[in-house]
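Shown here: run30.pdb, PDB, C-alpha atoms, pLDDT in the B column.
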MODEL        1
ATOM      1  CA  MET A 858      -5.035 -17.049 -14.539  1.00 49.00           C
ATOM      2  CA  ALA A 859      -6.466 -13.824 -13.147  1.00 53.00           C
ATOM      3  CA  SER A 860      -9.788 -15.493 -12.309  1.00 59.00           C
ATOM      4  CA  SER A 861      -8.054 -18.354 -10.449  1.00 63.00           C
ATOM      5  CA  TRP A 862      -6.081 -15.754  -8.511  1.00 60.00           C
ATOM      6  CA  MET A 863      -9.336 -14.016  -7.654  1.00 61.00           C
ATOM      7  CA  ARG A 864     -10.851 -17.304  -6.447  1.00 63.00           C
ATOM      8  CA  THR A 865      -7.814 -17.812  -4.200  1.00 60.00           C
ATOM      9  CA  LEU A 866      -8.125 -14.243  -3.002  1.00 59.00           C
ATOM     10  CA  LYS A 867     -11.762 -14.749  -2.059  1.00 59.00           C
ATOM     11  CA  SER A 868     -11.231 -18.055  -0.256  1.00 62.00           C
ATOM     12  CA  LYS A 869      -7.851 -17.687   1.493  1.00 68.00           C
ATOM     13  CA  VAL A 870      -7.051 -14.047   1.907  1.00 71.00           C
ATOM     14  CA  PRO A 871      -6.626 -12.926   5.516  1.00 78.00           C
ATOM     15  CA  ASP A 872      -8.685 -10.270   7.210  1.00 81.00           C
ATOM     16  CA  PRO A 873      -7.310  -6.902   5.991  1.00 80.00           C
ATOM     17  CA  ALA A 874      -7.407  -5.540   9.534  1.00 78.00           C
ATOM     18  CA  PHE A 875      -4.808  -8.189  10.552  1.00 80.00           C
ATOM     19  CA  GLY A 876      -2.113  -6.451   8.452  1.00 78.00           C
ATOM     20  CA  ALA A 877       0.210  -4.864   7.759  1.00 88.00           C
ATOM     21  CA  TYR A 878       1.408  -6.816   4.727  1.00 91.00           C
ATOM     22  CA  LEU A 879       4.288  -6.225   2.332  1.00 92.00           C
ATOM     23  CA  PHE A 880       3.167  -5.646  -1.268  1.00 93.00           C
ATOM     24  CA  ASP A 881       5.515  -6.200  -4.195  1.00 90.00           C
ATOM     25  CA  ALA A 882       5.360  -4.517  -7.615  1.00 89.00           C
ATOM     26  CA  SER A 883       3.205  -7.345  -9.060  1.00 86.00           C
ATOM     27  CA  ALA A 884       0.662  -7.053  -6.237  1.00 90.00           C
ATOM     28  CA  GLU A 885       0.484  -3.284  -6.633  1.00 91.00           C
ATOM     29  CA  SER A 886       0.057  -3.543 -10.376  1.00 89.00           C
ATOM     30  CA  LEU A 887      -2.628  -6.231 -10.025  1.00 89.00           C
ATOM     31  CA  LEU A 888      -4.575  -4.046  -7.602  1.00 92.00           C
ATOM     32  CA  GLU A 889      -4.235  -1.073  -9.964  1.00 91.00           C
ATOM     33  CA  ARG A 890      -5.657  -3.010 -12.892  1.00 88.00           C
ATOM     34  CA  SER A 891      -8.197  -5.209 -11.135  1.00 87.00           C
ATOM     35  CA  THR A 892     -11.878  -4.527 -11.677  1.00 87.00           C
ATOM     36  CA  ASP A 893     -12.871  -7.297  -9.247  1.00 89.00           C
ATOM     37  CA  SER A 894     -15.060  -5.649  -6.621  1.00 90.00           C
ATOM     38  CA  ALA A 895     -14.072  -8.172  -3.884  1.00 88.00           C
ATOM     39  CA  ALA A 896     -10.370  -7.405  -4.418  1.00 89.00           C
ATOM     40  CA  GLN A 897     -11.042  -3.665  -4.374  1.00 91.00           C
ATOM     41  CA  ARG A 898     -13.173  -3.977  -1.237  1.00 91.00           C
ATOM     42  CA  TRP A 899     -10.446  -5.997   0.481  1.00 91.00           C
ATOM     43  CA  PHE A 900      -7.750  -3.491  -0.444  1.00 93.00           C
ATOM     44  CA  GLY A 901      -9.924  -0.510   0.523  1.00 94.00           C
ATOM     45  CA  GLU A 902     -10.486  -2.113   3.923  1.00 93.00           C
ATOM     46  CA  TYR A 903      -6.754  -2.838   4.198  1.00 94.00           C
ATOM     47  CA  LEU A 904      -5.911   0.831   3.504  1.00 94.00           C
ATOM     48  CA  ARG A 905      -8.460   2.003   6.056  1.00 94.00           C
ATOM     49  CA  HIS A 906      -6.538   0.083   8.726  1.00 92.00           C
ATOM     50  CA  ASN A 907      -2.948   0.007   7.511  1.00 93.00           C
ATOM     51  CA  THR A 908      -0.297   1.864   5.592  1.00 93.00           C
ATOM     52  CA  LEU A 909       0.803   0.339   2.301  1.00 94.00           C
ATOM     53  CA  HIS A 910       4.129  -1.403   2.991  1.00 96.00           C
ATOM     54  CA  ILE A 911       6.559  -1.906   0.118  1.00 95.00           C
ATOM     55  CA  SER A 912      10.303  -2.468  -0.250  1.00 93.00           C
ATOM     56  CA  ALA A 913      12.852  -0.140  -1.821  1.00 93.00           C
ATOM     57  CA  ILE A 914      13.065  -2.644  -4.715  1.00 90.00           C
ATOM     58  CA  THR A 915       9.390  -2.016  -5.537  1.00 92.00           C
ATOM     59  CA  VAL A 916      10.027   1.738  -5.639  1.00 93.00           C
ATOM     60  CA  MET A 917      12.927   1.106  -8.024  1.00 92.00           C
ATOM     61  CA  GLU A 918      10.869  -1.234 -10.251  1.00 90.00           C
ATOM     62  CA  ARG A 919       7.893   1.119 -10.451  1.00 93.00           C
ATOM     63  CA  MET A 920      10.000   4.229 -11.050  1.00 94.00           C
ATOM     64  CA  ARG A 921      11.986   2.398 -13.732  1.00 92.00           C
ATOM     65  CA  GLY A 922       8.670   1.574 -15.428  1.00 92.00           C
ATOM     66  CA  TYR A 923       7.563   5.204 -15.347  1.00 94.00           C
ATOM     67  CA  ALA A 924      10.971   6.478 -16.506  1.00 94.00           C
ATOM     68  CA  LEU A 925      11.068   4.103 -19.492  1.00 91.00           C
ATOM     69  CA  ALA A 926       7.409   4.736 -20.358  1.00 92.00           C
ATOM     70  CA  LEU A 927       8.119   8.488 -20.341  1.00 94.00           C
ATOM     71  CA  GLU A 928      11.221   8.027 -22.463  1.00 93.00           C
ATOM     72  CA  ARG A 929       9.326   6.039 -25.093  1.00 91.00           C
ATOM     73  CA  ALA A 930       6.178   8.187 -25.121  1.00 92.00           C
ATOM     74  CA  VAL A 931       5.498  10.858 -27.713  1.00 92.00           C
ATOM     75  CA  PRO A 932       5.526  14.363 -26.152  1.00 94.00           C
ATOM     76  CA  ALA A 933       1.702  14.599 -26.109  1.00 92.00           C
ATOM     77  CA  GLU A 934       1.413  11.475 -23.904  1.00 92.00           C
ATOM     78  CA  ARG A 935       4.062  12.458 -21.354  1.00 94.00           C
ATOM     79  CA  ALA A 936       1.857  14.684 -19.197  1.00 95.00           C
ATOM     80  CA  ASN A 937      -0.583  11.800 -18.645  1.00 94.00           C
ATOM     81  CA  ILE A 938       2.162   9.361 -17.600  1.00 95.00           C
ATOM     82  CA  SER A 939       3.820  11.998 -15.436  1.00 96.00           C
ATOM     83  CA  SER A 940       0.517  12.760 -13.743  1.00 95.00           C
ATOM     84  CA  ASN A 941      -0.019   9.051 -13.034  1.00 95.00           C
ATOM     85  CA  ARG A 942       3.468   8.825 -11.521  1.00 95.00           C
ATOM     86  CA  ASP A 943       2.515  11.748  -9.253  1.00 95.00           C
ATOM     87  CA  THR A 944      -0.681  10.011  -8.096  1.00 94.00           C
ATOM     88  CA  TYR A 945       1.359   6.832  -7.478  1.00 94.00           C
ATOM     89  CA  LEU A 946       3.801   8.777  -5.309  1.00 93.00           C
ATOM     90  CA  GLY A 947       0.865  10.532  -3.630  1.00 91.00           C
ATOM     91  CA  VAL A 948      -0.165   7.279  -1.938  1.00 92.00           C
ATOM     92  CA  ARG A 949       1.626   7.289   1.408  1.00 91.00           C
ATOM     93  CA  ARG A 950       3.734   4.183   1.862  1.00 93.00           C
ATOM     94  CA  GLN A 951       6.088   2.669   4.385  1.00 95.00           C
ATOM     95  CA  VAL A 952       9.185   1.839   2.329  1.00 95.00           C
ATOM     96  CA  TRP A 953      11.440  -0.847   3.795  1.00 94.00           C
ATOM     97  CA  PRO A 954      15.164  -0.757   3.028  1.00 94.00           C
ATOM     98  CA  ILE A 955      17.072  -3.620   1.452  1.00 91.00           C
ATOM     99  CA  ASP A 956      19.772  -4.469   3.949  1.00 93.00           C
ATOM    100  CA  ARG A 957      22.531  -7.097   3.844  1.00 94.00           C
ATOM    101  CA  VAL A 958      20.361  -9.962   5.147  1.00 93.00           C
ATOM    102  CA  VAL A 959      17.517  -9.231   2.713  1.00 90.00           C
ATOM    103  CA  ALA A 960      20.016  -8.962  -0.167  1.00 90.00           C
ATOM    104  CA  LEU A 961      21.605 -12.313   0.765  1.00 93.00           C
ATOM    105  CA  LEU A 962      18.221 -14.073   0.899  1.00 91.00           C
ATOM    106  CA  ALA A 963      17.117 -12.440  -2.372  1.00 85.00           C
ATOM    107  CA  ALA A 964      20.307 -13.690  -4.038  1.00 88.00           C
ATOM    108  CA  GLU A 965      19.586 -17.264  -2.831  1.00 91.00           C
ATOM    109  CA  LEU A 966      16.016 -17.079  -4.152  1.00 85.00           C
ATOM    110  CA  ALA A 967      17.190 -15.716  -7.511  1.00 81.00           C
ATOM    111  CA  ALA A 968      19.597 -18.665  -7.794  1.00 86.00           C
ATOM    112  CA  ILE A 969      16.800 -21.156  -7.016  1.00 86.00           C
ATOM    113  CA  LEU A 970      14.647 -19.616  -9.774  1.00 78.00           C
ATOM    114  CA  PRO A 971      16.999 -19.043 -12.720  1.00 73.00           C
ATOM    115  CA  GLN A 972      14.102 -19.079 -15.202  1.00 73.00           C
ATOM    116  CA  PRO A 973      11.168 -16.670 -15.112  1.00 68.00           C
ATOM    117  CA  PRO A 974       8.045 -18.632 -14.012  1.00 68.00           C
ATOM    118  CA  THR A 975       5.827 -17.438 -16.882  1.00 69.00           C
ATOM    119  CA  PRO A 976       6.356 -17.268 -20.653  1.00 70.00           C
ATOM    120  CA  SER A 977       7.238 -14.020 -22.408  1.00 67.00           C
ATOM    121  CA  LYS A 978       4.460 -11.542 -23.042  1.00 68.00           C
ATOM    122  CA  ARG A 979       3.665 -11.139 -26.738  1.00 66.00           C
ATOM    123  CA  SER A 980       2.000  -8.353 -28.620  1.00 65.00           C
ATOM    124  CA  HIS A 981       1.747  -8.375 -32.430  1.00 64.00           C
ATOM    125  CA  ARG A 982       5.367  -8.527 -33.589  1.00 62.00           C
ATOM    126  CA  ALA A 983       6.903  -7.679 -30.235  1.00 63.00           C
ATOM    127  CA  LEU A 984       8.121 -10.093 -27.599  1.00 64.00           C
ATOM    128  CA  GLU A 985       9.287  -9.485 -24.063  1.00 64.00           C
ATOM    129  CA  SER A 986      13.008 -10.270 -23.725  1.00 66.00           C
ATOM    130  CA  ARG A 987      14.319 -12.866 -21.248  1.00 62.00           C
ATOM    131  CA  GLN A 988      16.241 -10.142 -19.447  1.00 62.00           C
ATOM    132  CA  GLU A 989      13.077  -8.080 -19.005  1.00 63.00           C
ATOM    133  CA  ARG A 990      11.142 -11.127 -17.794  1.00 64.00           C
ATOM    134  CA  LEU A 991      13.834 -11.907 -15.222  1.00 60.00           C
ATOM    135  CA  PHE A 992      13.889  -8.293 -14.086  1.00 62.00           C
ATOM    136  CA  ARG A 993      10.095  -8.319 -13.728  1.00 61.00           C
ATOM    137  CA  TRP A 994      10.036 -11.559 -11.761  1.00 59.00           C
ATOM    138  CA  ARG A 995      12.870 -10.749  -9.427  1.00 58.00           C
TER     139      ARG A 995
ATOM    140  CA  MET B1188     -19.540  32.305  33.357  1.00 59.00           C
ATOM    141  CA  HIS B1189     -19.875  30.234  30.196  1.00 66.00           C
ATOM    142  CA  VAL B1190     -19.149  26.525  30.545  1.00 61.00           C
ATOM    143  CA  SER B1191     -18.415  24.816  27.204  1.00 69.00           C
ATOM    144  CA  ALA B1192     -19.495  21.256  26.464  1.00 68.00           C
ATOM    145  CA  ASN B1193     -15.831  20.226  26.855  1.00 67.00           C
ATOM    146  CA  ASP B1194     -15.670  21.581  30.405  1.00 75.00           C
ATOM    147  CA  LYS B1195     -18.895  19.965  31.625  1.00 86.00           C
ATOM    148  CA  LYS B1196     -18.327  16.951  33.817  1.00 89.00           C
ATOM    149  CA  ARG B1197     -20.474  13.987  34.708  1.00 91.00           C
ATOM    150  CA  SER B1198     -19.889  11.194  37.177  1.00 92.00           C
ATOM    151  CA  THR B1199     -20.091   7.617  36.058  1.00 92.00           C
ATOM    152  CA  THR B1200     -18.892   4.186  37.165  1.00 93.00           C
ATOM    153  CA  LEU B1201     -16.338   2.361  35.056  1.00 91.00           C
ATOM    154  CA  SER B1202     -14.790  -1.076  35.377  1.00 94.00           C
ATOM    155  CA  ILE B1203     -11.087  -0.755  34.598  1.00 94.00           C
ATOM    156  CA  PRO B1204      -8.469  -3.526  34.726  1.00 96.00           C
ATOM    157  CA  VAL B1205      -6.674  -3.422  38.098  1.00 97.00           C
ATOM    158  CA  LYS B1206      -3.220  -2.991  36.526  1.00 97.00           C
ATOM    159  CA  THR B1207      -4.413  -0.089  34.357  1.00 96.00           C
ATOM    160  CA  LEU B1208      -6.090   1.617  37.278  1.00 96.00           C
ATOM    161  CA  ALA B1209      -2.986   1.176  39.451  1.00 97.00           C
ATOM    162  CA  ALA B1210      -0.827   2.741  36.719  1.00 97.00           C
ATOM    163  CA  ALA B1211      -3.239   5.687  36.374  1.00 97.00           C
ATOM    164  CA  GLU B1212      -3.248   6.193  40.154  1.00 97.00           C
ATOM    165  CA  ARG B1213       0.566   6.152  40.213  1.00 97.00           C
ATOM    166  CA  ILE B1214       0.714   8.864  37.537  1.00 97.00           C
ATOM    167  CA  ALA B1215      -1.946  10.916  39.366  1.00 97.00           C
ATOM    168  CA  ARG B1216       0.100  10.737  42.588  1.00 97.00           C
ATOM    169  CA  LEU B1217       3.308  11.744  40.807  1.00 97.00           C
ATOM    170  CA  ARG B1218       1.628  14.684  39.099  1.00 97.00           C
ATOM    171  CA  LYS B1219      -0.361  15.548  42.246  1.00 97.00           C
ATOM    172  CA  VAL B1220      -3.663  15.617  40.368  1.00 97.00           C
ATOM    173  CA  ASN B1221      -7.007  13.872  40.687  1.00 95.00           C
ATOM    174  CA  LEU B1222      -7.368  10.390  39.131  1.00 95.00           C
ATOM    175  CA  SER B1223     -10.215  11.780  36.978  1.00 95.00           C
ATOM    176  CA  VAL B1224      -7.755  14.191  35.329  1.00 96.00           C
ATOM    177  CA  ILE B1225      -5.477  11.348  34.237  1.00 96.00           C
ATOM    178  CA  VAL B1226      -8.341   9.143  33.032  1.00 96.00           C
ATOM    179  CA  SER B1227      -9.862  12.070  31.089  1.00 95.00           C
ATOM    180  CA  GLU B1228      -6.539  12.985  29.479  1.00 96.00           C
ATOM    181  CA  VAL B1229      -5.783   9.416  28.428  1.00 96.00           C
ATOM    182  CA  LEU B1230      -9.313   8.898  27.124  1.00 95.00           C
ATOM    183  CA  GLU B1231      -9.216  12.130  25.113  1.00 96.00           C
ATOM    184  CA  GLU B1232      -5.802  11.283  23.654  1.00 97.00           C
ATOM    185  CA  GLY B1233      -6.995   7.793  22.718  1.00 97.00           C
ATOM    186  CA  LEU B1234     -10.170   9.086  21.086  1.00 97.00           C
ATOM    187  CA  ARG B1235      -8.216  11.751  19.165  1.00 97.00           C
ATOM    188  CA  ALA B1236      -5.722   9.132  17.964  1.00 96.00           C
ATOM    189  CA  LYS B1237      -8.547   6.837  16.815  1.00 95.00           C
ATOM    190  CA  GLU B1238     -10.220   9.696  14.955  1.00 96.00           C
ATOM    191  CA  GLU B1239      -6.932  10.706  13.331  1.00 96.00           C
ATOM    192  CA  ALA B1240      -6.208   7.083  12.334  1.00 94.00           C
ATOM    193  CA  ALA B1241      -9.664   6.818  10.724  1.00 95.00           C
ATOM    194  CA  LEU B1242      -9.089  10.061   8.795  1.00 96.00           C
ATOM    195  CA  GLU B1243      -5.638   8.902   7.727  1.00 95.00           C
ATOM    196  CA  GLY B1244      -7.167   5.628   6.510  1.00 95.00           C
ATOM    197  CA  GLN B1245      -9.753   7.569   4.533  1.00 95.00           C
ATOM    198  CA  ARG B1246      -6.982   9.708   2.984  1.00 95.00           C
ATOM    199  CA  ARG B1247      -5.077   6.534   1.969  1.00 95.00           C
ATOM    200  CA  VAL B1248      -8.187   5.091   0.283  1.00 95.00           C
ATOM    201  CA  GLN B1249      -8.861   8.365  -1.557  1.00 95.00           C
ATOM    202  CA  ALA B1250      -5.217   8.659  -2.695  1.00 95.00           C
ATOM    203  CA  TRP B1251      -5.249   5.070  -3.991  1.00 95.00           C
ATOM    204  CA  GLU B1252      -8.574   5.596  -5.802  1.00 94.00           C
ATOM    205  CA  ALA B1253      -7.221   8.779  -7.421  1.00 94.00           C
ATOM    206  CA  HIS B1254      -4.188   6.793  -8.557  1.00 95.00           C
ATOM    207  CA  ARG B1255      -6.331   3.963  -9.949  1.00 94.00           C
ATOM    208  CA  GLN B1256      -8.502   6.380 -11.914  1.00 93.00           C
ATOM    209  CA  SER B1257      -5.423   8.093 -13.304  1.00 94.00           C
ATOM    210  CA  PHE B1258      -3.898   4.679 -14.145  1.00 94.00           C
ATOM    211  CA  ALA B1259      -7.052   3.708 -16.071  1.00 93.00           C
ATOM    212  CA  ARG B1260      -6.505   6.728 -18.355  1.00 92.00           C
ATOM    213  CA  LEU B1261      -3.181   5.301 -19.592  1.00 93.00           C
ATOM    214  CA  THR B1262      -3.162   3.175 -22.741  1.00 91.00           C
ATOM    215  CA  LYS B1263      -2.747  -0.589 -22.318  1.00 88.00           C
ATOM    216  CA  GLU B1264       0.806  -0.341 -23.645  1.00 88.00           C
ATOM    217  CA  GLN B1265       1.659   2.448 -21.201  1.00 90.00           C
ATOM    218  CA  GLN B1266       0.135   0.462 -18.319  1.00 91.00           C
ATOM    219  CA  GLU B1267       2.316  -2.520 -19.203  1.00 87.00           C
ATOM    220  CA  MET B1268       5.448  -0.370 -19.413  1.00 86.00           C
ATOM    221  CA  VAL B1269       4.687   1.269 -16.068  1.00 87.00           C
ATOM    222  CA  ASN B1270       4.285  -2.239 -14.649  1.00 84.00           C
ATOM    223  CA  GLY B1271       7.667  -3.267 -16.012  1.00 79.00           C
ATOM    224  CA  ILE B1272       6.565  -5.194 -19.124  1.00 76.00           C
ATOM    225  CA  PHE B1273       8.634  -4.149 -22.127  1.00 71.00           C
ATOM    226  CA  MET B1274       8.263  -5.742 -25.562  1.00 68.00           C
ATOM    227  CA  ASP B1275      11.532  -5.169 -27.275  1.00 64.00           C
ATOM    228  CA  GLU B1276      12.239  -7.935 -29.703  1.00 58.00           C
ATOM    229  CA  ASP B1277      10.608  -8.447 -33.089  1.00 58.00           C
ATOM    230  CA  VAL B1278       8.933 -11.834 -33.404  1.00 52.00           C
ATOM    231  CA  GLU B1279      10.138 -13.731 -36.455  1.00 54.00           C
ATOM    232  CA  GLU B1280       7.320 -14.806 -38.757  1.00 47.00           C
TER     233      GLU B1280
ENDMDL
END
Take the structure in the file and give it back as structure tokens.
Amino acid sequence: MASSWMRTLKSKVPDPAFGAYLFDASAESLLERSTDSAAQRWFGEYLRHNTLHISAITVMERMRGYALALERAVPAERANISSNRDTYLGVRRQVWPIDRVVALLAAELAAILPQPPTPSKRSHRALESRQERLFRWR
Amino acid sequence: MHVSANDKKRSTTLSIPVKTLAAAERIARLRKVNLSVIVSEVLEEGLRAKEEAALEGQRRVQAWEAHRQSFARLTKEQQEMVNGIFMDEDVEE
């Protein structure tokens, strides 16, 4: 799936200088993990021209992730996670508020997509819950 | 008397859109200064803003790269949790 996304990125993605664009938590996380040089080049060029725009929901999602990761980590691992949260917050962003109109439209979209669009993530004996999948996708 | 590079002046010919030139002339008249003063001020401000924007862009790239490198030091499980993926339920065998 990642490689097909990368193909789409290479063929259809707009000029980064034409931004600014709004990035959601999935886009941010993909760009954090991606080792694709074209994607990194595109995003580097984007950041040279534009601020990173995100919504208040993305801040909430990312900070929830860090808070839960810190809560579940053994004490020795906490400094590393905490330090990564600091570097995340060190990237200057334009954070857009969620107002009444945005909330109303988000509610309509959530009703149209009652099921998460991808299956649960699995790892050994652990499975991602439906609630977590819905939270991640919304 | 010492004249710094910033104070040195040179004449040149520029083609400027009529509307822009008219606006600059209006401001020069209101402030009772030479048109060259207004053009120089605006040009300097514009160049400073461009330079500052380029530096700000560079700072954003560096901050993101620092974050990515720090993110790569997390374990795969920690990366997933940070990205909102939580495996909570035991899979029945």
Considering all atoms listed in the file, tabulate each residue of chain B that lies at most 12 Å from chain A along with its nearest interatomic pair and the corresponding distance in Å to one decimal; arrange the rows by chain and ascending residue number and present them as JSON lines.
{"residue": "B:Lys1237", "atom": "CA", "partner": "A:His906", "partner_atom": "CA", "distance": 10.7}
{"residue": "B:Glu1238", "atom": "CA", "partner": "A:Arg905", "partner_atom": "CA", "distance": 11.9}
{"residue": "B:Glu1239", "atom": "CA", "partner": "A:Arg905", "partner_atom": "CA", "distance": 11.4}
{"residue": "B:Ala1240", "atom": "CA", "partner": "A:His906", "partner_atom": "CA", "distance": 7.9}
{"residue": "B:Ala1241", "atom": "CA", "partner": "A:Arg905", "partner_atom": "CA", "distance": 6.8}
{"residue": "B:Leu1242", "atom": "CA", "partner": "A:Arg905", "partner_atom": "CA", "distance": 8.5}
{"residue": "B:Glu1243", "atom": "CA", "partner": "A:Arg905", "partner_atom": "CA", "distance": 7.6}
{"residue": "B:Gly1244", "atom": "CA", "partner": "A:Arg905", "partner_atom": "CA", "distance": 3.9}
{"residue": "B:Gln1245", "atom": "CA", "partner": "A:Arg905", "partner_atom": "CA", "distance": 5.9}
{"residue": "B:Arg1246", "atom": "CA", "partner": "A:Arg905", "partner_atom": "CA", "distance": 8.4}
{"residue": "B:Arg1247", "atom": "CA", "partner": "A:Leu904", "partner_atom": "CA", "distance": 6.0}
{"residue": "B:Val1248", "atom": "CA", "partner": "A:Leu904", "partner_atom": "CA", "distance": 5.8}
{"residue": "B:Gln1249", "atom": "CA", "partner": "A:Val948", "partner_atom": "CA", "distance": 8.8}
{"residue": "B:Ala1250", "atom": "CA", "partner": "A:Val948", "partner_atom": "CA", "distance": 5.3}
{"residue": "B:Trp1251", "atom": "CA", "partner": "A:Val948", "partner_atom": "CA", "distance": 5.9}
{"residue": "B:Glu1252", "atom": "CA", "partner": "A:Gly901", "partner_atom": "CA", "distance": 8.9}
{"residue": "B:Ala1253", "atom": "CA", "partner": "A:Thr944", "partner_atom": "CA", "distance": 6.7}
{"residue": "B:His1254", "atom": "CA", "partner": "A:Thr944", "partner_atom": "CA", "distance": 4.8}
{"residue": "B:Arg1255", "atom": "CA", "partner": "A:Glu889", "partner_atom": "CA", "distance": 5.5}
{"residue": "B:Gln1256", "atom": "CA", "partner": "A:Glu889", "partner_atom": "CA", "distance": 8.8}
{"residue": "B:Ser1257", "atom": "CA", "partner": "A:Asn941", "partner_atom": "CA", "distance": 5.5}
{"residue": "B:Phe1258", "atom": "CA", "partner": "A:Asn941", "partner_atom": "CA", "distance": 5.9}
{"residue": "B:Ala1259", "atom": "CA", "partner": "A:Arg890", "partner_atom": "CA", "distance": 7.6}
{"residue": "B:Arg1260", "atom": "CA", "partner": "A:Asn937", "partner_atom": "CA", "distance": 7.8}
{"residue": "B:Leu1261", "atom": "CA", "partner": "A:Ile938", "partner_atom": "CA", "distance": 7.0}
{"residue": "B:Thr1262", "atom": "CA", "partner": "A:Glu934", "partner_atom": "CA", "distance": 9.5}
{"residue": "B:Lys1263", "atom": "CA", "partner": "A:Arg890", "partner_atom": "CA", "distance": 10.2}
{"residue": "B:Glu1264", "atom": "CA", "partner": "A:Ala926", "partner_atom": "CA", "distance": 9.0}
{"residue": "B:Gln1265", "atom": "CA", "partner": "A:Ala926", "partner_atom": "CA", "distance": 6.2}
{"residue": "B:Gln1266", "atom": "CA", "partner": "A:Arg890", "partner_atom": "CA", "distance": 8.7}
{"residue": "B:Glu1267", "atom": "CA", "partner": "A:Gly922", "partner_atom": "CA", "distance": 8.4}
{"residue": "B:Met1268", "atom": "CA", "partner": "A:Gly922", "partner_atom": "CA", "distance": 5.5}
{"residue": "B:Val1269", "atom": "CA", "partner": "A:Gly922", "partner_atom": "CA", "distance": 4.0}
{"residue": "B:Asn1270", "atom": "CA", "partner": "A:Gly922", "partner_atom": "CA", "distance": 5.9}
{"residue": "B:Gly1271", "atom": "CA", "partner": "A:Gly922", "partner_atom": "CA", "distance": 5.0}
{"residue": "B:Ile1272", "atom": "CA", "partner": "A:Glu985", "partner_atom": "CA", "distance": 7.1}
{"residue": "B:Phe1273", "atom": "CA", "partner": "A:Glu985", "partner_atom": "CA", "distance": 5.7}
{"residue": "B:Met1274", "atom": "CA", "partner": "A:Glu985", "partner_atom": "CA", "distance": 4.2}
{"residue": "B:Asp1275", "atom": "CA", "partner": "A:Glu985", "partner_atom": "CA", "distance": 5.8}
{"residue": "B:Glu1276", "atom": "CA", "partner": "A:Leu984", "partner_atom": "CA", "distance": 5.1}
{"residue": "B:Asp1277", "atom": "CA", "partner": "A:Ala983", "partner_atom": "CA", "distance": 4.7}
{"residue": "B:Val1278", "atom": "CA", "partner": "A:Arg982", "partner_atom": "CA", "distance": 4.9}
{"residue": "B:Glu1279", "atom": "CA", "partner": "A:Arg982", "partner_atom": "CA", "distance": 7.6}
{"residue": "B:Glu1280", "atom": "CA", "partner": "A:Arg982", "partner_atom": "CA", "distance": 8.4}
For C-alpha atoms, I'd like the residues from the last selection saved as a compact mmCIF listing (two decimals), in the frame of the given file.
# COMPACT_ATOMS: atom_id res chain seq x y z
CA LYS B 1237 -8.55 6.84 16.82
CA GLU B 1238 -10.22 9.70 14.96
CA GLU B 1239 -6.93 10.71 13.33
CA ALA B 1240 -6.21 7.08 12.33
CA ALA B 1241 -9.66 6.82 10.72
CA LEU B 1242 -9.09 10.06 8.80
CA GLU B 1243 -5.64 8.90 7.73
CA GLY B 1244 -7.17 5.63 6.51
CA GLN B 1245 -9.75 7.57 4.53
CA ARG B 1246 -6.98 9.71 2.98
CA ARG B 1247 -5.08 6.53 1.97
CA VAL B 1248 -8.19 5.09 0.28
CA GLN B 1249 -8.86 8.36 -1.56
CA ALA B 1250 -5.22 8.66 -2.70
CA TRP B 1251 -5.25 5.07 -3.99
CA GLU B 1252 -8.57 5.60 -5.80
CA ALA B 1253 -7.22 8.78 -7.42
CA HIS B 1254 -4.19 6.79 -8.56
CA ARG B 1255 -6.33 3.96 -9.95
CA GLN B 1256 -8.50 6.38 -11.91
CA SER B 1257 -5.42 8.09 -13.30
CA PHE B 1258 -3.90 4.68 -14.14
CA ALA B 1259 -7.05 3.71 -16.07
CA ARG B 1260 -6.50 6.73 -18.36
CA LEU B 1261 -3.18 5.30 -19.59
CA THR B 1262 -3.16 3.18 -22.74
CA LYS B 1263 -2.75 -0.59 -22.32
CA GLU B 1264 0.81 -0.34 -23.64
CA GLN B 1265 1.66 2.45 -21.20
CA GLN B 1266 0.14 0.46 -18.32
CA GLU B 1267 2.32 -2.52 -19.20
CA MET B 1268 5.45 -0.37 -19.41
CA VAL B 1269 4.69 1.27 -16.07
CA ASN B 1270 4.28 -2.24 -14.65
CA GLY B 1271 7.67 -3.27 -16.01
CA ILE B 1272 6.56 -5.19 -19.12
CA PHE B 1273 8.63 -4.15 -22.13
CA MET B 1274 8.26 -5.74 -25.56
CA ASP B 1275 11.53 -5.17 -27.28
CA GLU B 1276 12.24 -7.94 -29.70
CA ASP B 1277 10.61 -8.45 -33.09
CA VAL B 1278 8.93 -11.83 -33.40
CA GLU B 1279 10.14 -13.73 -36.46
CA GLU B 1280 7.32 -14.81 -38.76
So the first atom is atom CA of Gly876 of chain A and the second is atom CA of Val959 of chain A; what is the distance between them in Å, to one decimal place?
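Interatomic distance here is 20.6 Å.
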Write out as number ranges by chain each polymer residue whose atoms come within 12 Å of segment 1214-1217 of chain B, counting only C-alpha atoms; drop sequence neighbours fewer than 5 positions from it.
B: 1207-1209, 1222-1229
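Between atom CA of Pro871 of chain A and atom CA of Ala896 of chain A lies a distance of 12.0 Å.
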Give me, please, the distance in Å between atom CA of Pro932 of chain A and atom CA of Val916 of chain A, quoted to one decimal.
24.5 Å
